[in-house]
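Enquirer: Following this line is coords-v1.cif, made up of mmCIF, C-alpha atoms:
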```
data_input
#
loop_
_atom_site.label_atom_id
_atom_site.label_comp_id
_atom_site.auth_asym_id
_atom_site.auth_seq_id
_atom_site.Cartn_x
_atom_site.Cartn_y
_atom_site.Cartn_z
CA MET A 1 -46.45 8.72 49.33
CA ALA A 2 -43.90 11.24 48.11
CA ASN A 3 -41.52 8.34 47.25
CA LYS A 4 -44.28 6.64 45.27
CA LYS A 5 -44.95 9.86 43.39
CA SER A 6 -41.23 10.33 42.83
CA SER A 7 -40.84 6.74 41.60
CA PHE A 8 -43.89 7.09 39.41
CA PHE A 9 -42.43 10.31 37.99
CA VAL A 10 -39.09 8.61 37.35
CA TYR A 11 -40.76 5.61 35.71
CA ARG A 12 -42.96 7.84 33.64
CA LEU A 13 -39.97 9.98 32.62
CA ALA A 14 -37.99 6.86 31.81
CA ALA A 15 -40.91 5.53 29.78
CA ILE A 16 -41.21 8.85 27.97
CA LEU A 17 -37.46 8.94 27.28
CA LEU A 18 -37.47 5.30 26.18
CA ALA A 19 -40.42 5.96 23.90
CA ALA A 20 -38.71 9.06 22.51
CA VAL A 21 -35.45 7.15 21.91
CA ILE A 22 -37.41 4.32 20.31
CA ALA A 23 -39.34 6.73 18.09
CA ILE A 24 -36.17 8.61 17.08
CA SER A 25 -34.30 5.36 16.42
CA ILE A 26 -37.19 3.96 14.37
CA ALA A 27 -37.37 7.20 12.42
CA MET A 28 -33.61 7.09 11.77
CA VAL A 29 -33.70 3.47 10.60
CA SER A 30 -36.75 4.16 8.43
CA ALA A 31 -35.14 7.27 6.91
CA ILE A 32 -31.92 5.33 6.17
CA PHE A 33 -33.93 2.46 4.70
CA PHE A 34 -35.99 4.65 2.37
CA SER A 35 -32.96 6.81 1.50
CA THR A 36 -30.97 3.69 0.62
CA ARG A 37 -33.84 2.34 -1.45
CA SER A 38 -34.18 5.65 -3.29
CA LEU A 39 -30.43 5.76 -3.94
CA PHE A 40 -30.58 2.16 -5.16
CA PHE A 41 -33.37 2.85 -7.65
CA ASN A 42 -31.66 6.06 -8.87
CA THR A 43 -28.36 4.25 -9.42
CA ILE A 44 -30.03 1.34 -11.23
CA ALA A 45 -32.04 3.78 -13.37
CA SER A 46 -28.85 5.58 -14.40
CA VAL A 47 -27.10 2.31 -15.23
CA GLU A 48 -30.05 1.07 -17.29
CA LEU A 49 -30.32 4.36 -19.21
CA PHE A 50 -26.62 4.35 -20.05
CA SER A 51 -26.75 0.66 -20.95
CA GLU A 52 -29.54 1.43 -23.44
CA ILE A 53 -27.49 4.36 -24.80
CA ASN A 54 -24.49 2.04 -25.22
CA ASP A 55 -26.70 -0.51 -26.99
CA ALA A 56 -28.05 2.22 -29.29
CA THR A 57 -24.51 3.30 -30.26
CA LEU A 58 -23.72 -0.34 -31.05
CA PHE A 59 -26.84 -0.56 -33.24
CA ILE A 60 -25.81 2.65 -35.00
CA ASN A 61 -22.35 1.22 -35.64
CA GLU A 62 -23.87 -2.01 -36.97
CA ASP A 63 -26.18 -0.02 -39.28
CA VAL A 64 -23.23 2.02 -40.58
CA LEU A 65 -21.22 -1.17 -41.15
CA ARG A 66 -24.15 -2.74 -42.98
CA LEU A 67 -24.42 0.42 -45.05
CA VAL A 68 -20.70 0.23 -45.86
CA ALA A 69 -20.91 -3.50 -46.66
CA HIS A 70 -23.83 -3.07 -49.10
CA ILE A 71 -22.50 -0.23 -51.28
CA ASP A 72 -23.16 -1.17 -54.96
CA ASP A 73 -25.26 -4.19 -53.83
CA ASP A 74 -27.58 -4.83 -56.81
CA THR A 75 -29.99 -6.94 -54.72
CA VAL A 76 -31.46 -3.82 -53.11
CA ALA A 77 -31.09 -1.39 -56.01
CA ASN A 78 -34.68 -1.53 -57.27
CA THR A 79 -36.70 -1.78 -54.04
CA GLU A 80 -39.11 1.00 -53.15
CA ASP A 81 -37.35 1.69 -49.88
CA THR A 82 -33.65 0.86 -50.34
CA LEU A 83 -31.53 -0.67 -47.60
CA GLU A 84 -29.65 2.63 -47.33
CA GLU A 85 -32.90 4.50 -46.63
CA ASN A 86 -34.03 1.94 -44.06
CA LEU A 87 -30.66 2.03 -42.29
CA ALA A 88 -30.70 5.83 -42.29
CA LYS A 89 -34.16 5.77 -40.70
CA ASP A 90 -33.01 3.26 -38.10
CA ILE A 91 -29.97 5.40 -37.25
CA GLU A 92 -32.28 8.41 -36.79
CA GLN A 93 -34.48 6.35 -34.45
CA GLN A 94 -31.48 5.18 -32.45
CA PHE A 95 -30.32 8.78 -31.95
CA ALA A 96 -33.85 9.68 -30.85
CA THR A 97 -33.61 6.89 -28.25
CA ILE A 98 -30.19 8.13 -27.11
CA ASN A 99 -31.37 11.74 -26.74
CA GLY A 100 -34.49 10.61 -24.87
CA ASN A 101 -32.45 8.48 -22.45
CA MET A 102 -29.93 11.28 -21.88
CA ALA A 103 -32.78 13.67 -21.08
CA ALA A 104 -34.20 11.09 -18.66
CA TYR A 105 -30.75 10.67 -17.07
CA GLU A 106 -30.58 14.41 -16.37
CA HIS A 107 -33.80 14.16 -14.31
CA VAL A 108 -32.49 11.33 -12.12
CA PRO A 109 -31.49 12.92 -8.77
CA GLY A 110 -28.34 12.30 -6.79
CA HIS A 111 -25.59 12.74 -9.39
CA SER A 112 -22.27 14.06 -8.10
CA ASP A 113 -20.64 17.19 -9.54
CA LEU A 114 -17.81 15.11 -11.05
CA GLU A 115 -20.32 12.76 -12.66
CA MET A 116 -22.28 15.66 -14.16
CA ARG A 117 -19.12 17.31 -15.52
CA ARG A 118 -18.12 14.08 -17.20
CA TYR A 119 -21.69 13.64 -18.45
CA GLU A 120 -21.72 17.15 -20.01
CA GLU A 121 -18.45 16.33 -21.82
CA THR A 122 -19.94 13.06 -23.05
CA LYS A 123 -23.15 14.83 -24.10
CA GLU A 124 -21.19 17.35 -26.18
CA LEU A 125 -19.25 14.49 -27.76
CA MET A 126 -22.49 12.62 -28.48
CA ASN A 127 -23.96 15.73 -30.16
CA TYR A 128 -20.81 16.03 -32.24
CA PHE A 129 -21.01 12.32 -33.09
CA GLU A 130 -24.65 12.67 -34.15
CA ASN A 131 -24.55 15.93 -36.12
CA ASP A 132 -20.96 16.40 -37.33
CA VAL A 133 -19.95 12.75 -37.81
CA ILE A 134 -22.96 10.52 -38.56
CA LYS A 135 -25.52 12.91 -40.11
CA ALA A 136 -22.84 14.92 -41.92
CA ASN A 137 -21.32 11.77 -43.45
CA LEU A 138 -24.45 9.66 -43.96
CA SER A 139 -25.06 10.98 -47.47
CA LYS A 140 -21.37 10.47 -48.26
CA LEU A 141 -21.68 6.83 -47.23
CA VAL A 142 -24.83 6.34 -49.29
CA ASN A 143 -23.28 8.02 -52.35
CA ALA A 144 -19.80 6.48 -51.96
CA ALA A 145 -18.34 5.24 -55.23
CA ASN A 146 -17.28 1.91 -53.75
CA THR A 147 -17.00 -0.05 -50.51
CA ASP A 148 -13.33 0.87 -50.00
CA GLU A 149 -14.19 4.57 -50.08
CA ALA A 150 -17.04 4.05 -47.60
CA ARG A 151 -14.88 1.91 -45.31
CA SER A 152 -12.15 4.55 -45.35
CA LEU A 153 -14.69 7.18 -44.28
CA TYR A 154 -15.94 4.84 -41.54
CA GLU A 155 -12.50 3.92 -40.18
CA LYS A 156 -11.05 7.44 -40.27
CA GLN A 157 -14.00 9.53 -39.02
CA ILE A 158 -16.88 7.49 -37.62
CA LEU A 159 -15.21 4.64 -35.69
CA PRO A 160 -12.67 6.78 -33.71
CA THR A 161 -15.43 9.19 -32.59
CA GLN A 162 -17.72 6.32 -31.61
CA LYS A 163 -14.94 4.79 -29.55
CA LYS A 164 -14.51 8.09 -27.66
CA VAL A 165 -18.28 8.27 -27.09
CA ALA A 166 -18.28 4.73 -25.67
CA GLU A 167 -15.36 5.59 -23.37
CA GLY A 168 -17.15 8.74 -22.18
CA LEU A 169 -20.32 6.78 -21.43
CA ALA A 170 -18.39 4.08 -19.56
CA ASN A 171 -16.43 6.68 -17.54
CA THR A 172 -19.58 8.60 -16.63
CA ILE A 173 -21.46 5.56 -15.37
CA ALA A 174 -18.35 4.28 -13.59
CA ILE A 175 -18.12 7.60 -11.70
CA GLY A 176 -21.84 7.39 -10.93
CA ALA A 177 -21.53 3.81 -9.67
CA ALA A 178 -18.55 4.73 -7.50
CA ASN A 179 -20.46 7.68 -6.04
CA GLY A 180 -23.46 5.43 -5.44
CA ASN A 181 -21.29 2.85 -3.67
CA LYS A 182 -19.76 5.57 -1.51
CA ASN A 183 -23.17 6.89 -0.52
CA ILE A 184 -24.43 3.36 0.14
CA ALA A 185 -21.43 2.67 2.37
CA GLN A 186 -22.16 5.86 4.32
CA ARG A 187 -25.81 4.82 4.62
CA ALA A 188 -24.61 1.46 5.91
CA TYR A 189 -22.49 3.13 8.61
CA ASP A 190 -25.41 5.35 9.59
CA TYR A 191 -27.68 2.35 9.59
CA TYR A 192 -25.51 0.30 11.91
CA ALA A 193 -25.12 3.28 14.26
CA ALA A 194 -28.89 3.73 14.37
CA VAL A 195 -29.41 0.02 14.99
CA ALA A 196 -26.90 0.12 17.86
CA ILE A 197 -28.75 3.02 19.48
CA LEU A 198 -32.04 1.28 18.94
CA ILE A 199 -30.83 -1.98 20.47
CA LEU A 200 -29.53 -0.15 23.53
CA ALA A 201 -32.76 1.81 23.83
CA LEU A 202 -34.88 -1.31 23.50
CA ALA A 203 -32.88 -3.31 26.03
CA GLY A 204 -35.72 -2.91 28.50
CA GLY A 205 -38.56 -3.95 26.18
CA LEU A 206 -39.02 -7.07 24.06
CA ALA A 207 -41.52 -5.38 21.79
CA GLY A 208 -39.08 -2.61 20.95
CA ILE A 209 -36.25 -5.10 20.31
CA TRP A 210 -38.45 -7.15 17.98
CA PHE A 211 -39.49 -4.02 16.07
CA ALA A 212 -35.87 -2.85 15.72
CA ALA A 213 -34.75 -6.31 14.53
CA ARG A 214 -37.51 -6.33 11.93
CA ARG A 215 -36.46 -2.90 10.64
CA ALA A 216 -32.81 -3.97 10.69
CA ARG A 217 -33.57 -7.07 8.66
CA LEU A 218 -35.44 -5.05 6.04
CA ALA A 219 -32.60 -2.54 5.77
CA GLU A 220 -29.99 -5.29 5.49
CA GLU A 221 -31.97 -7.05 2.78
CA ALA A 222 -32.32 -3.78 0.86
CA ILE A 223 -28.59 -3.09 1.08
CA ALA A 224 -27.71 -6.67 0.06
CA GLU A 225 -30.12 -6.50 -2.87
CA GLN A 226 -28.71 -3.17 -3.95
CA ASN A 227 -25.14 -4.46 -3.83
CA SER A 228 -26.19 -7.47 -5.89
CA GLN A 229 -27.88 -5.26 -8.49
CA LEU A 230 -24.84 -2.99 -8.68
CA LYS A 231 -22.59 -5.99 -9.35
CA VAL A 232 -24.90 -7.10 -12.16
CA ALA A 233 -24.87 -3.57 -13.59
CA GLY A 234 -21.08 -3.49 -13.38
CA ARG A 235 -20.84 -6.76 -15.31
CA ARG A 236 -23.16 -5.35 -17.98
CA ILE A 237 -20.92 -2.30 -18.36
CA GLU A 238 -17.84 -4.53 -18.65
CA GLN A 239 -19.57 -6.69 -21.27
CA THR A 240 -20.60 -3.62 -23.26
CA ALA A 241 -17.06 -2.23 -23.10
CA GLN A 242 -15.68 -5.60 -24.24
CA LYS A 243 -18.12 -5.65 -27.18
CA MET A 244 -16.96 -2.17 -28.18
CA GLU A 245 -13.30 -3.21 -27.83
CA ASP A 246 -13.84 -6.32 -29.97
CA LEU A 247 -15.66 -4.30 -32.62
CA THR A 248 -12.93 -1.66 -32.66
CA LEU A 249 -9.96 -4.04 -32.93
CA ASN A 250 -11.31 -6.78 -35.22
CA ASN A 251 -12.18 -6.88 -38.91
CA LEU A 252 -15.92 -7.51 -39.22
CA LEU A 253 -15.62 -9.72 -42.32
CA THR A 254 -12.60 -11.95 -41.60
CA GLY A 255 -12.64 -11.91 -37.78
CA MET A 256 -8.93 -11.07 -37.78
CA LYS A 257 -7.31 -8.26 -35.85
CA ASN A 258 -7.33 -5.00 -37.84
CA ARG A 259 -5.06 -1.98 -38.38
CA TYR A 260 -5.90 -0.49 -34.95
CA ALA A 261 -5.00 -3.76 -33.19
CA LEU A 262 -1.68 -3.89 -35.07
CA GLU A 263 -0.84 -0.39 -33.84
CA GLU A 264 -1.68 -1.31 -30.24
CA ASP A 265 0.37 -4.53 -30.41
CA ILE A 266 3.64 -3.26 -31.93
CA SER A 267 3.86 0.47 -31.10
CA ASP A 268 5.85 -0.15 -27.91
CA ARG A 269 7.98 -2.83 -29.60
CA LEU A 270 9.22 -0.36 -32.22
CA GLU A 271 11.33 1.44 -29.62
CA SER A 272 13.33 -1.52 -28.28
CA ASP A 273 12.52 -4.76 -30.10
CA GLN A 274 13.49 -6.40 -33.36
CA PHE A 275 11.15 -8.61 -35.35
CA THR A 276 10.24 -9.64 -38.89
CA ILE A 277 7.04 -8.35 -40.46
CA ALA A 278 5.45 -9.10 -43.84
CA VAL A 279 2.63 -7.44 -45.79
CA LEU A 280 0.88 -9.22 -48.69
CA ASP A 281 -2.18 -8.60 -50.80
CA MET A 282 -3.76 -10.15 -53.89
CA ASP A 283 -2.98 -8.77 -57.34
CA ASN A 284 -5.93 -7.43 -59.33
CA PHE A 285 -8.40 -8.19 -56.53
CA ARG A 286 -10.58 -5.33 -57.78
CA MET A 287 -11.15 -7.33 -60.96
CA ILE A 288 -12.75 -10.09 -58.86
CA ASN A 289 -15.20 -7.57 -57.38
CA ASP A 290 -15.90 -6.04 -60.78
CA THR A 291 -16.51 -9.45 -62.37
CA TYR A 292 -18.49 -11.27 -59.70
CA GLY A 293 -19.66 -8.51 -57.35
CA TYR A 294 -18.61 -7.33 -53.89
CA GLY A 295 -20.51 -10.06 -52.09
CA PHE A 296 -18.56 -12.70 -53.98
CA GLY A 297 -15.34 -10.80 -53.30
CA ASP A 298 -16.11 -10.81 -49.58
CA GLU A 299 -16.68 -14.59 -49.63
CA TYR A 300 -13.39 -15.04 -51.52
CA LEU A 301 -11.53 -12.85 -49.02
CA SER A 302 -13.10 -14.73 -46.09
CA ALA A 303 -12.01 -18.08 -47.58
CA VAL A 304 -8.43 -16.84 -48.03
CA ALA A 305 -8.36 -15.49 -44.45
CA THR A 306 -9.59 -18.82 -43.07
CA ARG A 307 -6.86 -20.68 -44.94
CA LEU A 308 -4.18 -18.25 -43.73
CA LYS A 309 -5.23 -18.75 -40.12
CA GLU A 310 -5.18 -22.53 -40.54
CA GLU A 311 -1.70 -22.52 -42.10
CA PHE A 312 0.20 -19.76 -40.27
CA ASP A 313 -1.60 -18.85 -37.03
CA ASP A 314 0.92 -20.78 -34.91
CA ILE A 315 4.01 -18.97 -36.24
CA ALA A 316 2.78 -15.39 -36.70
CA GLU A 317 0.20 -12.91 -35.50
CA ILE A 318 -2.02 -12.22 -38.53
CA TYR A 319 -3.85 -8.93 -39.16
CA ASN A 320 -6.32 -7.95 -41.91
CA ILE A 321 -5.20 -4.32 -42.03
CA ALA A 322 -7.12 -3.12 -45.12
CA GLY A 323 -9.34 -4.77 -47.75
CA ASN A 324 -7.41 -7.78 -49.07
CA GLU A 325 -4.14 -6.70 -47.42
CA PHE A 326 -2.78 -8.99 -44.69
CA CYS A 327 0.06 -8.32 -42.25
CA PHE A 328 2.15 -11.05 -40.54
CA VAL A 329 4.23 -10.32 -37.42
CA PHE A 330 6.36 -13.44 -37.03
CA ASN A 331 7.09 -15.00 -33.65
CA LYS A 332 10.51 -14.32 -32.14
CA GLU A 333 11.60 -17.94 -32.48
CA VAL A 334 11.19 -17.77 -36.30
CA PRO A 335 14.61 -16.94 -37.88
CA ASP A 336 14.84 -14.07 -40.35
CA THR A 337 15.66 -16.28 -43.36
CA HIS A 338 12.91 -18.72 -42.39
CA ALA A 339 10.43 -15.84 -42.14
CA GLN A 340 11.23 -14.80 -45.70
CA ARG A 341 10.55 -18.33 -46.94
CA ILE A 342 7.31 -18.41 -44.98
CA ALA A 343 6.25 -15.11 -46.56
CA ASP A 344 6.75 -16.64 -49.99
CA LYS A 345 4.70 -19.66 -48.87
CA VAL A 346 1.96 -17.24 -47.80
CA ARG A 347 2.05 -15.78 -51.31
CA VAL A 348 1.63 -19.29 -52.75
CA VAL A 349 -1.33 -20.04 -50.46
CA MET A 350 -3.02 -16.74 -51.36
CA SER A 351 -2.43 -17.49 -55.07
CA GLU A 352 -4.09 -20.90 -55.01
CA THR A 353 -7.44 -21.67 -56.64
CA TYR A 354 -10.42 -21.31 -54.26
CA ASP A 355 -13.92 -22.69 -54.67
CA VAL A 356 -16.20 -19.75 -53.85
CA LEU A 357 -19.96 -20.24 -54.16
CA GLY A 358 -19.33 -23.04 -56.67
CA ILE A 359 -16.95 -20.97 -58.81
CA ASN A 360 -13.20 -21.65 -59.00
CA VAL A 361 -11.36 -18.35 -58.67
CA GLN A 362 -7.65 -17.62 -58.52
CA THR A 363 -5.34 -14.62 -58.57
CA THR A 364 -1.70 -14.06 -57.72
CA ALA A 365 -0.38 -12.24 -54.63
CA SER A 366 2.51 -9.90 -53.92
CA GLY A 367 4.25 -8.87 -50.74
CA SER A 368 7.13 -7.28 -48.88
CA VAL A 369 9.18 -8.53 -45.90
CA TYR A 370 11.01 -6.29 -43.46
CA ARG A 371 13.44 -7.20 -40.68
CA TYR A 372 12.79 -4.31 -38.28
CA LEU A 373 15.54 -3.11 -35.92
CA PRO A 374 15.10 -0.63 -33.05
CA ASN A 375 17.49 1.91 -34.55
CA ASP A 376 15.25 2.12 -37.65
CA SER A 377 13.18 4.54 -35.49
CA LEU A 378 9.87 4.20 -37.31
CA ASN A 379 6.31 4.48 -36.10
CA VAL A 380 3.53 2.16 -37.28
CA ASP A 381 2.38 4.50 -40.07
CA SER A 382 5.85 5.08 -41.51
CA LEU A 383 6.65 1.36 -41.22
CA LEU A 384 3.56 0.37 -43.23
CA ILE A 385 4.16 3.14 -45.79
CA LYS A 386 7.72 1.87 -46.29
CA MET A 387 6.46 -1.68 -46.81
CA ASP A 388 3.59 -0.58 -49.08
CA ASN A 389 6.07 1.30 -51.29
CA VAL A 390 8.03 -1.90 -51.80
CA LEU A 391 4.77 -3.81 -52.34
CA HIS A 392 3.78 -1.36 -55.08
CA GLU A 393 7.22 -1.82 -56.66
CA VAL A 394 6.57 -5.57 -56.78
CA LYS A 395 3.28 -4.98 -58.58
CA ARG A 396 4.92 -2.59 -61.07
CA ASN A 397 7.36 -5.37 -61.89
CA GLY A 398 4.55 -7.82 -62.66
CA GLY A 399 3.51 -8.94 -59.16
CA ASN A 400 3.40 -12.56 -57.93
CA ALA A 401 6.57 -12.08 -55.85
CA VAL A 402 7.79 -11.08 -52.37
CA TYR A 403 10.55 -8.42 -52.06
CA THR A 404 12.70 -7.74 -49.02
CA VAL A 405 12.69 -4.19 -47.67
CA ASP A 406 16.21 -2.81 -47.21
CA SER A 407 16.92 -1.63 -43.65
CA LEU A 408 17.70 2.03 -43.06
#
```
Starting from the file, lay out its structure as structure tokens.
Expert:
Amino acid sequence: MANKKSSFFVYRLAAILLAAVIAISIAMVSAIFFSTRSLFFNTIASVELFSEINDATLFINEDVLRLVAHIDDDTVANTEDTLEENLAKDIEQQFATINGNMAAYEHVPGHSDLEMRRYEETKELMNYFENDVIKANLSKLVNAANTDEARSLYEKQILPTQKKVAEGLANTIAIGAANGNKNIAQRAYDYYAAVAILILALAGGLAGIWFAARRARLAEEAIAEQNSQLKVAGRRIEQTAQKMEDLTLNNLLTGMKNRYALEEDISDRLESDQFTIAVLDMDNFRMINDTYGYGFGDEYLSAVATRLKEEFDDIAEIYNIAGNEFCFVFNKEVPDTHAQRIADKVRVVMSETYDVLGINVQTTASGSVYRYLPNDSLNVDSLLIKMDNVLHEVKRNGGNAVYTVDSL
């Protein structure tokens, strides 16, 4: 009788312990599951908010570029609400969206200290971009005397700051994603440990094993879904960064690489490489704009750029560094004397008659060619200034020629 009572006590204690282990294991798995799901939604919410902020900065940049491109555009001069006013309103709305999303981001839990420090830096930069760069210069853009003046303001003040803002946003969300992945990995380790305990505890009962397997399957599906969503979010960030990079390094009108791309491509080469470089622009191009309008001038410039790419893209890297000014960095296999002849051929191509919007238009071109050597010890700015000085000398002598820059 005593043995029966003792066995009953042991069985009951074992049942109680098994039930307790099962309950604790189920609670652990459930807590990990819901914690992982909460972390997943918080991470996705942060990524979506920053993606919308990135999109808003792109829209702002597009509005500013449209504002720059339509200075002195007579087609909108007499409307009740001018294009400039509409673009200014849209920029204000985009900043309202950005500030709202940043406020929402601050209320999303789970950010690391490093992520928040980087976010505060980005927030300060965004405030500077909004108040000291965009709003402070918006009236200057609207009242600019010409497109070149507005583009200069955009390229020197607005675009560099926007690029820093985009980098700050990308760095912040990258830190957040990395922190999220780290926490998810830890949750995964905790999850598998809890499942192991649960499986051991449920070894004596099929019902408990089935329940643990069901919980395990749900947790695994949640983790797999979260990893899939994080990969999608990462691709969206990469695509946004690529869009910003393309916008920063390419001329919006001609599609060619711009002044910033030229600096990135040849800065390192200036220290140890030798190459031939040419700079050409059209003589009296301003007269074309004054006679036919800036829209016509843009079409003319686009036609010339297309022809230059067709003729010379295989022997030189071509850049549209400013307005109607083009820069050619010739391939290494092109000899120096051959490069000079090619530069003169470029001048001839730029001086040909072009059919633009049904009107035949033609103007001459001038240029300078420089055989750069490493011991010349120039940076990109001083190199272009040296070549522009020679280019201006050509124009003072009547234009329609290409001069060679003397080496130092």
Enquirer: With all atoms of range 374-383 of chain A from the file as input, state the centre and edge lengths in Å to one decimal of the axis-aligned box that has 6 Å extra on each side, as AutoDock Vina command-line options.
Expert:
```
--center_x 9.9 --center_y 2.2 --center_z -37.3 --size_x 27.1 --size_y 17.7 --size_z 20.5
```
Enquirer: For the structure shown, which residues end up in the PyMOL selection byres ((chain A and resi 399) around 8)? Put them as an mmCIF file with C-alpha atoms, keeping the file's coordinate frame, please?
Expert:
```cif
data_model
loop_
_atom_site.group_PDB
_atom_site.id
_atom_site.type_symbol
_atom_site.label_atom_id
_atom_site.label_comp_id
_atom_site.auth_asym_id
_atom_site.auth_seq_id
_atom_site.Cartn_x
_atom_site.Cartn_y
_atom_site.Cartn_z
ATOM 1 C CA ASP A 283 -2.980 -8.770 -57.340
ATOM 2 C CA THR A 364 -1.700 -14.060 -57.720
ATOM 3 C CA ALA A 365 -0.380 -12.240 -54.630
ATOM 4 C CA SER A 366 2.510 -9.900 -53.920
ATOM 5 C CA VAL A 394 6.570 -5.570 -56.780
ATOM 6 C CA LYS A 395 3.280 -4.980 -58.580
ATOM 7 C CA ARG A 396 4.920 -2.590 -61.070
ATOM 8 C CA ASN A 397 7.360 -5.370 -61.890
ATOM 9 C CA GLY A 398 4.550 -7.820 -62.660
ATOM 10 C CA ASN A 400 3.400 -12.560 -57.930
ATOM 11 C CA ALA A 401 6.570 -12.080 -55.850
#
```
Enquirer: To one decimal place, how far is CA of Ala316 in chain A from CA of Phe328 in chain A in Å?
Expert: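 Going from CA of Ala316 in chain A over to CA of Phe328 in chain A, I get 5.8 Å.
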Enquirer: Nearest to Tyr128 in chain A among A:Val348, A:Ile158, A:Val329, A:Ala103, with distances taken over all atoms listed in the file: which residue is it?
Expert: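 Closest candidate: A:Ile158.
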Enquirer: Report as a compact mmCIF listing (two decimals) with C-alpha atoms, in the coordinates of the input the residues that result from applying the PyMOL selection byres ((chain A and resi 110) around 8) to the structure here.
Expert:
```txt
# COMPACT_ATOMS: atom_id res chain seq x y z
CA LEU A 39 -30.43 5.76 -3.94
CA ASN A 42 -31.66 6.06 -8.87
CA VAL A 108 -32.49 11.33 -12.12
CA PRO A 109 -31.49 12.92 -8.77
CA HIS A 111 -25.59 12.74 -9.39
CA SER A 112 -22.27 14.06 -8.10
```
Enquirer: Please write the residues picked by the PyMOL selection byres ((chain A and resi 38) around 12) on this file as number ranges by chain.
Expert: A: 31-37, 39-45, 108-110, 180, 183-184, 187, 222-223, 226
Enquirer: Hey, which of A:Ala305, A:Val64, A:Asn131, A:Val405 ends up closest to Glu393 in chain A? Count all atoms listed in the file.
Expert: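 Once distances to Glu393 in chain A are computed over all atoms listed in the file, the minimum belongs to A:Val405.
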Enquirer: Figure out the distance between CA of Leu280 in chain A and CA of Glu325 in chain A, please, to one decimal in Å.
Expert: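 These two atoms are separated by 5.8 Å.
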Enquirer: Can you tell me which residues surround range 330-338 of chain A at a distance of at most 9 Å, considering all atoms listed in the file, apart from same-chain residues fewer than 5 positions away, and format the answer as a short mmCIF file (atom, residue, chain, number, x, y, z; two decimals) with C-alpha atoms, keeping the file's coordinate frame?
Expert:
```
data_model
loop_
_atom_site.label_atom_id
_atom_site.label_comp_id
_atom_site.auth_asym_id
_atom_site.auth_seq_id
_atom_site.Cartn_x
_atom_site.Cartn_y
_atom_site.Cartn_z
CA GLN A 274 13.49 -6.40 -33.36
CA PHE A 275 11.15 -8.61 -35.35
CA THR A 276 10.24 -9.64 -38.89
CA ILE A 277 7.04 -8.35 -40.46
CA ALA A 278 5.45 -9.10 -43.84
CA ASP A 314 0.92 -20.78 -34.91
CA ILE A 315 4.01 -18.97 -36.24
CA ALA A 316 2.78 -15.39 -36.70
CA GLU A 317 0.20 -12.91 -35.50
CA ILE A 318 -2.02 -12.22 -38.53
CA ALA A 343 6.25 -15.11 -46.56
CA ARG A 371 13.44 -7.20 -40.68
#
```
Enquirer: Which residue, A:Glu299, A:Glu121, A:Asp132, A:Asp265, has the smallest gap to Thr172 in chain A when you use only C-alpha atoms?
Expert: A:Glu121
Enquirer: Calculate how many Å separate CA of Ile199 in chain A from CA of Ile22 in chain A, rounding to one decimal.
Expert: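 Interatomic distance, CA of Ile199 in chain A to CA of Ile22 in chain A: 9.1 Å.
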Enquirer: I'd like to know which of A:Ala136, A:Leu391, A:Leu270, A:Ile321 is closest to Lys257 in chain A, using only C-alpha atoms.
Expert: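 Of A:Ala136, A:Leu391, A:Leu270, A:Ile321, the one nearest Lys257 in chain A is A:Ile321, counting only C-alpha atoms.
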